[in-house]
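This report refers to the structure that appears directly beneath it.
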Amino acid sequence: MSTNTPMKAKDYKSDIPPTWCPGCGDYGVLNSTLKAFAELEIGIHDAVLVSGIGCSSRFPYFVKTYGMHTAHGRALPVAAGLKVARPDQEVIVFGGDGDGFSIGGGHVPHIARKNTDITYICMDNSIYGLTKGQMSPTSEVGMVTTTSPYGAPDNPINPVSLCLTYGATYVAQAYSSEGKVMQELIKNAILHKGFSFIDIISPCPTFNKINTFDSYKGNLERVPEDHDATDLMAALALANKPKARGEVITGLYYQVERPTLLDRLDEVRAKANASDDFDPNISIDEYRP
Amino acid sequence: MSTNTPMKAKDYKSDIPPTWCPGCGDYGVLNSTLKAFAELEIGIHDAVLVSGIGCSSRFPYFVKTYGMHTAHGRALPVAAGLKVARPDQEVIVFGGDGDGFSIGGGHVPHIARKNTDITYICMDNSIYGLTKGQMSPTSEVGMVTTTSPYGAPDNPINPVSLCLTYGATYVAQAYSSEGKVMQELIKNAILHKGFSFIDIISPCPTFNKINTFDSYKGNLERVPEDHDATDLMAALALANKPKARGEVITGLYYQVERPTLLDRLDEVRAKANASDDFDPNISIDEYRP
Amino acid sequence: MTKRNDLVIRFGGEGGEGIISAGDMVTQAAARSGLEVLTFKTFPAEIRGGYAMYQVRFSKDTVLCEGSVIDVTCVFNKEALDVNIGGLAEGSALVYDYPGGEIKEEVNVPGVFCYAVPMSKIAKDDLGTYRSKNMVALGAVAELFDLPINSIKETIEAKFLKKGQEVVDINFKAIDAGIAHVKENLTKKDPYSMVSGTRKEDTIVISGNDAIGLGALLAGVEFFSAYPITPATEVAYFLAKHLPRKNGNLVQAEDEIASIANIIGASFGGAKSMTATSGPGLSLMQELIGMASMSEVPIVIADVQRGGPSTGLPTKHEQSDLLLAALGCHGDASKVVISPEGIEDCVYLTVEAFNVAEKYQLPVMVLSDGSLGFRTASMKRPDPSTLRIVNRDITTNGENFLRYKLTESNISPMSLPGTEGCAYISTGLEHSESSAPKYTSDNHVAMIDKRFNKLDDLEDFFPETEADCEEGAELGIISWGSTIGVVREAVNMVRAEGIKVSSLYPKLIWPLPRKALDKFLDAHPKILIPEVNKQGQLAKVIQGETGVKPISYAIYGGMPFTPAMIADKIKEVV
Amino acid sequence: MTKRNDLVIRFGGEGGEGIISAGDMVTQAAARSGLEVLTFKTFPAEIRGGYAMYQVRFSKDTVLCEGSVIDVTCVFNKEALDVNIGGLAEGSALVYDYPGGEIKEEVNVPGVFCYAVPMSKIAKDDLGTYRSKNMVALGAVAELFDLPINSIKETIEAKFLKKGQEVVDINFKAIDAGIAHVKENLTKKDPYSMVSGTRKEDTIVISGNDAIGLGALLAGVEFFSAYPITPATEVAYFLAKHLPRKNGNLVQAEDEIASIANIIGASFGGAKSMTATSGPGLSLMQELIGMASMSEVPIVIADVQRGGPSTGLPTKHEQSDLLLAALGCHGDASKVVISPEGIEDCVYLTVEAFNVAEKYQLPVMVLSDGSLGFRTASMKRPDPSTLRIVNRDITTNGENFLRYKLTESNISPMSLPGTEGCAYISTGLEHSESSAPKYTSDNHVAMIDKRFNKLDDLEDFFPETEADCEEGAELGIISWGSTIGVVREAVNMVRAEGIKVSSLYPKLIWPLPRKALDKFLDAHPKILIPEVNKQGQLAKVIQGETGVKPISYAIYGGMPFTPAMIADKIKEVV
Ligand SMILES: Cc1ncc(C[n+]2csc(CCOP(=O)(O)OP(=O)(O)O)c2C)c(N)n1
Ligand SMILES: Cc1ncc(C[n+]2csc(CCOP(=O)(O)OP(=O)(O)O)c2C)c(N)n1
Ligand code: SF4
Ligand code: SF4
Ligand SMILES: [Mg+2]
Ligand SMILES: [Mg+2]
């Protein structure tokens with residue numbers, strides 16, 4: 001995780017300019033991420049950014065590190081396999097609310113319960129951006145979108161609450177315009193051992209006319225100073241406090257340590273008396289009649 | 001939901017004898033379900049039992065009502081489509097822990113948040129029964145199974161906690177040997193308006209040698225009398241109280257009313273001025289240049 | 001100057017610069033004025049930036065495809081100029097943004113009539129709103145090539161009046177500024193001047209995706225569930241709006257697997273049900289397509305194909321999901337694939353897809369594609385009262401009811417929940433006639449035969465395969481989907497030159513319409529199959545079924561054929 | 001009595017009655033004594049109840065398949081008697097549980113030698129443990145047909161000693177009781193008496209699924225992820241046990257989509273990676289198989305086919321996933337399909353599957369099937385030191401590194417994360433040589449060509465297609481997967497009768513091995529393709545690629561062919 005000359009955020013920028021619309025919240029996430037990278041002196045060739053499909057999932061192209069731009073909803077299991085095969089690499093997943101909690105929603109509980117050693121950053125704009133504005137699983141009831149001309153009929157899910165329940169060991173909420181807060185949370189998420197998750201509210205000015213930078217003004221709070229981030233119930237209570245998508249409490253909700261997937265696989269190998277020199281003839285012997 | 005002569009549990013039994021192993025917990029679930037049906041006087045041709053694949057998912061064959069035996073993990077979305085198309089039918093999903101929370105785990109949050117008007121009964125044996133004994137998402141860490149000869153590496157999920165977080169409006173826990181409790185919970189789940197979920201601990205004596213009828217003895221509790229089932233945080237606290245899979249608190253954890261998927265779709269149609277006599281020429285008119 | 005009966009105009013510029021809305025405006029206006037229209041668009045796969053293109057063909061007569069030659073190219077920026085300049089046809093016209101825009105010097109292409117129109121400048125400096133640039137361009141183009149300016153203004157009014165008279169006025173001003181610039185500063189040099197049409201009351205202009213939605217509506221769809229995906233999402237938009245009006249329901253599912261699961265459940269309940277997707281979704285649906293086939297549940301799946309594989313080229317044109325649609329699914333699963341050639345087919349073949357699904361109780365796929373889905377075109381307004389609507393055979397008689405009864409037609413009676421004495425288990429397991437699990441050899445053979453053989457008379461039920469045969473032709477062309485329109489025009493072209501050629505237009509793609517196909521194959525020693533994919537997918541399928549070795553003409557650059565390409569190929573192989 | 005070199009015994013009874021363990025016992029014992037063995041099993045799809053069958057063939061020589069005739073049938077209950085009685089061969093022997101069991105009267109089948117053995121009664125009344133019934137039966141059968149009783153006892157000891165001497169003794173007592181019953185009460189009438197073998201030290205007995213696991217281990221698999229599914233789960237069992245011993249990792253994924261996603265991630269990281277599944281899982285994996293193809297990530301997928309479609313007949317035999325494997329995926333995706341004929345192939349072709357995947361950087365599918373997966377057979381112990389192991393071409397040179405470089409071989413250099421100067425984005429979008437999104441026509445054509453053309457020399461790299469041609473033969477048979485063994489035996493049978501016939505055994509199924517195939521097709525005017533599926537899937541594929549019209553011999557009753565069936569067909573069409 002360290003290089004010779006101190007890195008600057010811009011050193012991590014790739015040659016591909018972001019294709020996001022002007023004013024897209026994702027720019028802020030990119031900036032804070034690169035700053036966090038610089039602060040941590042992440043090695044450019046020692047990190048892999050993994051994403052699915054969506055505006056937010058274009059993220060890896062804009063960074064100089066290794067990357068995988070996979071299929072819609074599949075970034076997490078791809079990243080998990082990669083991390084198990086390459087524990088030496090920093091594996092960070094970037095994606096959208098639709099990618100992560102709609103089509104990809106079946107993977108999150110398992111990545112989290114296994115305490116998979118990766119960081120997952122959801123750029124949550126309560127809309128499907130890339131496909132041009134359909135309701136997403138975090139869209140408010142009643143929201144008018146291309147697929148809900150009479151108003152969205154479905155209650156939104158709460159990504160923070162979900163990840164807490166799934167067993168993530170680092171859970172935070174951020175907001176695209178709070179650069180410093182976001183940068184700190186991203187940094188600590190990367191430093192965290194186990195599965196870390198940040199839901200970053202990242203407005204889509206092009207298609208979401210409800211949850212806008214304006215609408216969040218005056219509706220932002222910070223996690224209270226006295227919040228006990230090791231208390232799951234307190235974290236769940238905090239996550240369920242905002243009454244609407246427009247109210248956001250940013251900061252660290254929860255952080256604990258427990259054995260990670262890599263720890264547990266180490267245990268398995270220890271029990272199996274693992275050795276790089278294992279002679280397969282020993283396995284074959286078991287098949288002698 | 002009513003027929004002329006009072007129904008008995010056995011009137012609901014189909015000609016196909018259950019294929020479960022002797023001592024399987026699923027027999028108990030079947031019995032209590034049929035008794036609940038009889039008590040509610042469910043019309044044999046006015047209910048559809050939907051399942052995925054697994055030992056528990058064979059359930060519909062053993063009951064005389066309509067049924068759908070679908071694909072592994074897909075019972076919930078099949079049931080949801082059916083219910084929207086046929087609100088007059090009682091739609092009840094039966095399945096296993098693997099079917100529901102592993103391969104099918106991506107559907108549960110959405111069925112729940114939409115408050116889909118169906119009942120979901122998970123026959124939870126912490127093992128994959130039909131495929132002969134692999135670890136399931138509710139298997140304990142360290143459990144030795146065919147795919148985890150050195151002990152299961154993954155933390156289990158907690159189905160009750162998950163469904164509470166997802167927004168289910170009726171959430172309960174039951175145990176296959178507590179026939180009366182189970183019957184009552186199933187009855188009320190069916191009566192409940194919206195998405196109701198019961199996690200029923202239903203041991204698999206054939207493949208799960210850890211979570212057995214014996215192991216649960218002395219580890220069973222009832223939901224306390226003074227538990228406020230309208231308090232989500234209290235329900236979550238209760239769900240997170242047992243320290244291991246061997247401890248079970250049975251009873252109703254949570255029940256509230258909020259608009260269901262059918263209610264919300266009614267609203268959509270109301271806004272669209274829905275009418276069975278709608279003349280499609282009106283739609284066509286919009287395409288005149 | 002003699003008037004033209006047919007004109008192709010292309011607008012190119014940056015996505016978001018109003019290319020699409022300018023194109024839509026002139027398309028609507030031309031149709032309003034009585035011309036036939038057909039458009040072709042490409043978008044970047046990104047939301048913003050990247051080159052977007054809108055091409056529209058006007059004609060006095062039916063328009064079969066995008067055409068071969070672009071008569072007029074109007075570019076809004078430097079990138080669009082660069083993309084197009086190499087391909088400008090001899091004798092065509094170019095309209096470009098100069099001076100004051102991105103293009104920094106005058107453009108002169110030998111043999112091309114070049115017109116500089118300072119669109120950006122007029123919009124910014126004279127009108128004070130850069131966003132009206134597209135209307136300035138439109139005014140200039142309309143004036144230059146005699147497009148129906150009145151209709152354009154009517155269209156603007158119809159579209160913008162609800163936003164207020166000021167909005168209408170701004171647009172009028174921009175149009176007028178474009179017109180004025182041409183009148184005052186340019187001299188017409190090219191020969192293109194569009195004839196005018198006579199307004200027809202029974203025309204509609206609709207996109208391929210909307211047309212599929214409309215077809216579903218007319219077929220009586222009651223339940224629709226889908227997950228958004230380019231280029232299929234507009235099918236959902238249409239139904240989101242119109243389906244609730246007739247008391248139907250639309251559900252946006254959490255993914256494509258859930259959406260097909262949803263419609264299987266709804267259809268079991270008796271509702272005519274449909275989903276729409278593109279390649280990645282069709283891949284995800286494979287398991288449940290097999291389940292619908294096995295449990296004999298009628299469903300319709302519209303697959304609007306895009307460039308593949310994987311995420312591929314999401315906004316580009318390709319016909320490469322045929323093998324998956326026809327031959328996908330593990331195990332041997334019977335299913336039907338239908339493919340529309342154009343906008344009218346999108347309406348009427350969607351109706352037929354429901355008819356086939358309901359009659360034969362199985363999954364029916366409608367294979368459209370991106371260029372057809374995004375295309376808008378004029379068509380005769382459909383008359384709902386004249387359509388054939390086939391509903392499934394529903395039993396209410398509980399006596400000896402067997403859901404999977406082996407009947408002579410191989411189609412079994414179906415019951416709906418709520419019907420006394422007719423309860424059964426709809427199942428993906430192999431089953432007996434009564435729907436109980438049954439794994440014996442005889443039973444599996446009988447049931448699998450039933451599921452395939454029930455389609456034996458499908459070609460008679462759905463005989464939409466058209467053979468356009470010419471006496472003495474050696475060469476027969478077989479084409480599918482939106483390539484058909486291009487082939488029709490190419491065939492007209494070469495026949496006009498005296499070349500003998502026949503052409504088969506199958507709309508039923510799987511199982512193959514063997515009667516019509518075999519007759520055509522027998523009559524033509526040489527078979528040419530043009531299609532837009534790498535593997536020559538229809539050619540493979542036809543060869544696999546008949547053993548006849550066609551000449552495969554497979555292109556796969558993300559763009560459709562032009563009639564000229566096909567005509568050249570015909571001349572080469574004839 | 002002359003000794004037999006070849007004997008087929010079938011045990012039938014209720015699942016759970018010890019059929020499988022009795023069969024396994026005698027199989028192991030026979031192999032231990034130096035005989036070659038091959039077994040065939042069917043289970044009910046339910047955990048309990050239903051008819052289970054275990055068939056084992058013993059031979060002095062290599063066993064090619066299950067055989068045509070069952071020499072000895074031993075039934076444990078009434079259902080097994082009913083299932084088998086109609087098919088007993090003239091001159092064969094039947095051993096059945098009587099009196100005292102479910103079968104209530106003596107059985108007499110004309111032409112069949114029937115032996116009543118009161119298995120249940122002896123177990124219950126004499127031994128006091130009903131569960132030892134299977135060992136009583138085994139003792140009786142061993143005594144009747146001269147099976148190696150010493151080896152059986154050794155095998156019992158090896159297996160049960162860890163459970164205590166009592167367990168061994170109980171089993172010995174049961175075996176002895178069976179032997180004693182035969183000696184005291186029955187007179188041998190049939191002509192079956194198995195020859196004895198000579199113990200070979202380098203034999204192993206292994207199941208098809210374990211053999212695939214072993215092949216992976218020997219190929220150097222480092223990461224495995226799967227979701228349980230019948231009949232493929234045992235591949236995971238093997239690797240769950242053995243992979244961690246060599247520092248590899250196994251992950252049980254939440255579903256098949258996650259499992260293929262897992263291995264794509266791991267392989268990008270540099271680990272040789274694999275998953276195993278059956279039809280429903282292969283359907284679910286379609287999107288990501290296309291992604292691995294597009295992003296050029298090496299992965300191996302073992303597909304142990306079962307009866308389809310949908311849930312179908314999960315424990316039955318079918319070869320019906322070929323079309324999906326070869327032609328599935330939306331878009332045009334290049335991939336490779338390999339199919340093993342028997343146990344040895346399961347080991348060695350899995351090694352080759354890794355070699356092909358690593359060399360060509362794409363998904364390789366190994367198509368096994370349920371009867372091969374569950375089959376155990378003897379084979380010569382593999383020598384890990386003699387295997388060809390091909391690793392991917394890894395670049396560490398960052399100068400002008402282009403992940404998707406268009407090279408002469410069409411294979412591009414691959415880098416691993418951690419390598420300076422070689423970072424890139426592995427992507428399912430169409431991309432430039434450097435891996436940036438790129439949607440131009442030229443680029444798509446170049447990249448799609450690259451992905452297909454890189455396989456041009458695959459047949460040379462993996463030339464495992466065997467042609468067994470006979471001078472002057474008109475008829476050529478082409479078979480695949482586990483049907484090959486049956487065909488080999490059938491070919492021997494008919495050749496012994498003087499019939500001329502050739503046979504091709506392709507192990508590379510997709511893309512077709514055109515050199516070997518075309519040569520074979522050219523040399524034989526008549527081609528017969530027997531396979532176990534409805535559509536004649538390989539026949540379709542070969543006809544689709546070559547235009548040659550084979551005679552398709554497709555059966556689909558959930559059971560494999562017998563050599564006699566193939567031999568009869570050969571005689572019919574020759
Ligand atoms: C299997 C599949 N289904 C659908 C799509 C189409 N699709 C691409 S991105 C997207 C949603 C994007 O929303 P989100 O994940 O919230 O990202 P955003 O664009 O808002 O950042 C969808 C539905 C796809 N690419 N693949
Ligand atoms: C797509 C797919 N993958 C895997 C399987 C194999 N399979 C059948 S049942 C089952 C798990 C059963 O476990 P559970 O749902 O807990 O039910 P139980 O048998 O324990 O009642 C699996 C993995 C399948 N049928 N389909
Ligand atoms: S569409 Fe929305 S999410 Fe996508 S780039 Fe534009 S602003 Fe951002
Ligand atoms: S295997 Fe387990 S879950 Fe399945 S029927 Fe037997 S006891 Fe019940
Ligand atoms: Mg989003
Ligand atoms: Mg289970």
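To be explicit about the labels: the chains of the structure tokens are called A, B, and onward in the order shown, and within each one the residues are counted from 1, while ligands get numbers from 1 in the order they are shown.
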
Considering only C-alpha atoms, give me a table of residues in chain A that are at most 7 Å from chain D, with the closest atom pair and distance in Å for each, as a tab-separated table.
```
residue	atom	partner	partner_atom	distance
A:His45	CA	D:Gly418	CA	4.8
A:Asp46	CA	D:Gly418	CA	4.8
A:Tyr61	CA	D:Ile425	CA	6.8
A:Thr65	CA	D:Ala423	CA	5.8
A:Tyr66	CA	D:Ala423	CA	4.6
A:Gly67	CA	D:Ile425	CA	4.3
A:Met68	CA	D:Ser426	CA	4.6
A:His69	CA	D:Thr427	CA	4.7
A:Thr70	CA	D:Gly428	CA	5.8
A:Ala71	CA	D:Gly428	CA	6.9
A:Arg74	CA	D:Ala261	CA	6.6
A:Pro77	CA	D:Asn262	CA	5.2
A:Val78	CA	D:Gly265	CA	4.4
A:Ala79	CA	D:Gly265	CA	5.8
A:Ala80	CA	D:Asn262	CA	6.2
A:Gly81	CA	D:Asn262	CA	4.0
A:Leu82	CA	D:Ala266	CA	4.1
A:Ala85	CA	D:Ala266	CA	5.1
A:Arg86	CA	D:Gly269	CA	6.0
A:His110	CA	D:Glu254	CA	6.8
A:Val268	CA	D:Pro244	CA	7.0
A:Arg269	CA	D:Pro244	CA	4.9
A:Ala272	CA	D:Arg245	CA	5.1
A:Asn273	CA	D:Arg245	CA	5.9
A:Ala274	CA	D:Arg245	CA	4.1
A:Ser275	CA	D:Lys246	CA	5.1
A:Asp276	CA	D:Lys246	CA	5.3
A:Asp277	CA	D:Lys246	CA	6.9
A:Phe278	CA	D:Lys246	CA	5.1
A:Ser283	CA	D:His242	CA	6.9
A:Tyr287	CA	D:Ile204	CA	5.1
A:Arg288	CA	D:Ile204	CA	4.4
A:Pro289	CA	D:Arg32	CA	5.0
```

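The list of residues with at least one atom within 8 Å of Ser68 (chain C), based on only C-alpha atoms and without residues fewer than 5 positions apart in the same chain, reads C:Thr562, C:Pro563, C:Ala564.
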
Could the residues in this selection be saved with C-alpha atoms as a compact mmCIF listing (two decimals), in the first residue's frame?
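Done, and the output landed in again_14.txt:
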```txt
# COMPACT_ATOMS: atom_id res chain seq x y z
CA THR C 562 -28.24 -0.59 -46.77
CA PRO C 563 -30.18 -1.64 -49.86
CA ALA C 564 -27.10 -0.88 -51.95
```

Margin query: I'd like to know which residues of region 17-99 of chain D are alpha helix (DSSP H) (by DSSP, run on the backbone); could you write them as a PyMOL selection string?
Written below: chain D and resi 19-32+78-85

Note to self: Show me, as JSON, numbers by chain, the residues that have an atom within 10 Å of Phe195 (chain B) when counting only C-alpha atoms, minus same-chain residues fewer than 5 positions from it.
What the structure shows: {"B": [111, 112, 113, 114, 115, 116, 117, 118, 119, 120, 163, 167, 168, 169, 170, 171, 189, 190, 255, 257, 260, 261]}

Each chain A residue no farther than 7 Å from chain B, nearest pair in Å, only C-alpha atoms, as a Markdown table:
```
| residue | atom | partner | partner_atom | distance |
| --- | --- | --- | --- | --- |
| A:Gly105 | CA | B:Gly106 | CA | 4.9 |
| A:Gly106 | CA | B:Gly106 | CA | 3.4 |
| A:Arg113 | CA | B:Asn155 | CA | 5.4 |
| A:Lys114 | CA | B:Asp154 | CA | 5.0 |
| A:Tyr150 | CA | B:Val268 | CA | 5.6 |
| A:Pro153 | CA | B:Arg264 | CA | 5.3 |
| A:Asp154 | CA | B:Lys114 | CA | 5.0 |
| A:Asn155 | CA | B:Arg113 | CA | 5.4 |
| A:Pro156 | CA | B:Arg113 | CA | 6.7 |
| A:Ile157 | CA | B:Arg113 | CA | 6.6 |
| A:Ser161 | CA | B:Thr165 | CA | 6.8 |
| A:Leu162 | CA | B:Thr165 | CA | 6.4 |
| A:Thr165 | CA | B:Leu162 | CA | 6.4 |
| A:Tyr166 | CA | B:Ile157 | CA | 6.7 |
| A:Met233 | CA | B:Ala237 | CA | 6.9 |
| A:Ala237 | CA | B:Met233 | CA | 6.9 |
| A:Arg264 | CA | B:Pro153 | CA | 5.3 |
| A:Leu265 | CA | B:Pro153 | CA | 6.6 |
| A:Val268 | CA | B:Tyr150 | CA | 5.6 |
| A:Lys271 | CA | B:Tyr150 | CA | 6.4 |
```

Margin query: To check your reading of the model: which residues sit at most 6 Å from ligand 2 when counting only C-alpha atoms and all ligand atoms? Write the answer as JSON, numbers by chain.
Written below: {"B": [53, 54, 55, 56, 72, 96, 97, 98, 99, 125, 127, 128, 129, 130, 131], "D": [228, 229, 230, 280, 281]}

Check: To one decimal place, how far is CA of Ser368 (chain D) from CA of Asn492 (chain D) in Å?
Finding: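 Separation of CA of Ser368 (chain D) and CA of Asn492 (chain D): 23.9 Å.
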
At a cut-off of 6 Å around ligand 4, and using only C-alpha atoms and all ligand atoms, what residues come up? Please write them as an mmCIF file with N, CA and C atoms, in the first residue's frame.
```cif
data_model
loop_
_atom_site.group_PDB
_atom_site.id
_atom_site.type_symbol
_atom_site.label_atom_id
_atom_site.label_comp_id
_atom_site.auth_asym_id
_atom_site.auth_seq_id
_atom_site.Cartn_x
_atom_site.Cartn_y
_atom_site.Cartn_z
ATOM 1 N N TRP B 20 -41.263 -37.017 2.248
ATOM 2 C CA TRP B 20 -40.253 -36.656 3.238
ATOM 3 C C TRP B 20 -39.782 -37.872 4.037
ATOM 4 N N CYS B 21 -38.572 -37.789 4.567
ATOM 5 C CA CYS B 21 -38.032 -38.851 5.418
ATOM 6 C C CYS B 21 -38.873 -38.950 6.688
ATOM 7 N N CYS B 24 -38.968 -36.056 9.538
ATOM 8 C CA CYS B 24 -38.701 -34.734 8.970
ATOM 9 C C CYS B 24 -39.629 -33.700 9.610
ATOM 10 N N CYS B 55 -36.725 -30.085 -0.568
ATOM 11 C CA CYS B 55 -37.630 -31.042 0.091
ATOM 12 C C CYS B 55 -38.910 -30.310 0.477
ATOM 13 N N GLY B 129 -31.558 -29.895 2.069
ATOM 14 C CA GLY B 129 -32.023 -31.263 2.228
ATOM 15 C C GLY B 129 -32.006 -32.039 0.915
ATOM 16 N N LEU B 130 -32.739 -31.528 -0.064
ATOM 17 C CA LEU B 130 -32.946 -32.297 -1.295
ATOM 18 C C LEU B 130 -31.643 -32.663 -2.000
ATOM 19 N N CYS B 204 -34.099 -31.280 9.963
ATOM 20 C CA CYS B 204 -33.837 -32.310 8.963
ATOM 21 C C CYS B 204 -32.990 -33.381 9.628
ATOM 22 N N PRO B 205 -33.651 -34.403 10.182
ATOM 23 C CA PRO B 205 -32.877 -35.416 10.903
ATOM 24 C C PRO B 205 -31.912 -36.174 10.001
ATOM 25 N N THR B 206 -32.181 -36.186 8.706
ATOM 26 C CA THR B 206 -31.329 -36.975 7.804
ATOM 27 C C THR B 206 -29.967 -36.337 7.579
ATOM 28 N N PHE B 207 -29.938 -35.028 7.401
ATOM 29 C CA PHE B 207 -28.662 -34.405 7.038
ATOM 30 C C PHE B 207 -28.119 -33.388 8.044
ATOM 31 N N ILE D 47 -35.692 -37.589 -1.735
ATOM 32 C CA ILE D 47 -34.703 -38.073 -0.784
ATOM 33 C C ILE D 47 -35.029 -39.495 -0.363
#
```

Against ligand 3, which residues of chain C fall within 12 Å? For each one I want the closest pair of atoms and the distance in Å (one decimal), counting only C-alpha atoms and all ligand atoms, rows by chain and increasing residue number, as CSV.
```
residue,atom,partner,partner_atom_place_in_ligand_line,distance
C:Gly16,CA,ligand 3,6 (Fe),11.0
C:Ala45,CA,ligand 3,4 (Fe),11.2
C:Glu46,CA,ligand 3,5 (S),8.0
C:Ile47,CA,ligand 3,1 (S),5.6
C:Arg48,CA,ligand 3,6 (Fe),6.8
C:Gly49,CA,ligand 3,5 (S),10.2
```

Next item on the list: Find the spatial neighbours of Gly218 (chain A), counting only C-alpha atoms, within a cut-off of 12 Å - ignore same-chain residues fewer than 3 positions away - and output them as a PyMOL selection string.
Entry: chain A and resi 213-215+221-222+246-249

Next item on the list: Show me which bits of chain C are within 7 Å of chain D, counting only C-alpha atoms, as JSON, numbers by chain.
Entry: {"C": [279, 280, 283, 284, 286, 287, 290, 291, 294, 307, 308, 309, 310, 311, 312, 313, 320, 321, 323, 324, 327, 328, 329, 330, 331, 332, 333, 428, 429, 430, 439, 441, 442, 444, 445, 534, 535, 540, 541, 543, 544, 545, 547, 548, 549, 556, 557, 558]}

Exercise: Gly111 (chain D) partners within 8 Å, only C-alpha atoms, chain neighbours under 3 positions left out, as a short mmCIF file (atom, residue, chain, number, x, y, z; two decimals) with C-alpha atoms, in the first residue's frame:
```
data_model
loop_
_atom_site.label_atom_id
_atom_site.label_comp_id
_atom_site.auth_asym_id
_atom_site.auth_seq_id
_atom_site.Cartn_x
_atom_site.Cartn_y
_atom_site.Cartn_z
CA GLU D 90 -33.61 -65.01 -21.50
CA GLY D 91 -31.11 -67.15 -19.63
CA SER D 92 -30.32 -64.56 -16.98
#
```

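Going from CA of Leu220 (chain A) over to CA of Ala244 (chain A), you cover 11.8 Å.
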
Margin query: According to DSSP computed on the backbone, where in region 22-258 of chain B is there strand (DSSP E)? Give the residues as a PyMOL selection string.
Written below: chain B and resi 47-51+66-69+90-96+119-124+170-175+196-201+220-222+248-255

Notebook entry, point to check: With only C-alpha atoms and all ligand atoms as the basis for distance, which of A:Asn211, A:Thr230, A:Ser177, A:Gln134 is at the shortest distance from ligand 1?
Noted result: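 Nearest to ligand 1: A:Gln134.
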
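From CA of Leu186 (chain C) back to CA of Thr2 (chain C), the distance works out to 19.6 Å.
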
Margin query: Here is a test: counting only C-alpha atoms and all ligand atoms, which residue of A:Ala235, A:Cys122, A:Ile198, A:Ile210 is nearest to ligand 5?
Written below: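 With only C-alpha atoms and all ligand atoms as the atom set, the closest residue is A:Cys122.
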
Next item on the list: Check the smallest atom-to-atom distance from each of A:Met143, A:Ile201, A:Val29, A:Ile186 to ligand 5 using only C-alpha atoms and all ligand atoms, then report the winner.
Entry: A:Ile201

Next item on the list: For Asp199 (chain B), list every protein, DNA or RNA residue within 7 Å, evaluated using only C-alpha atoms, and leave out those in the same chain fewer than 2 positions away; present the list as JSON, numbers by chain.
Entry: {"B": [121, 122, 123, 124, 159, 160, 172, 173, 174, 197, 201]}
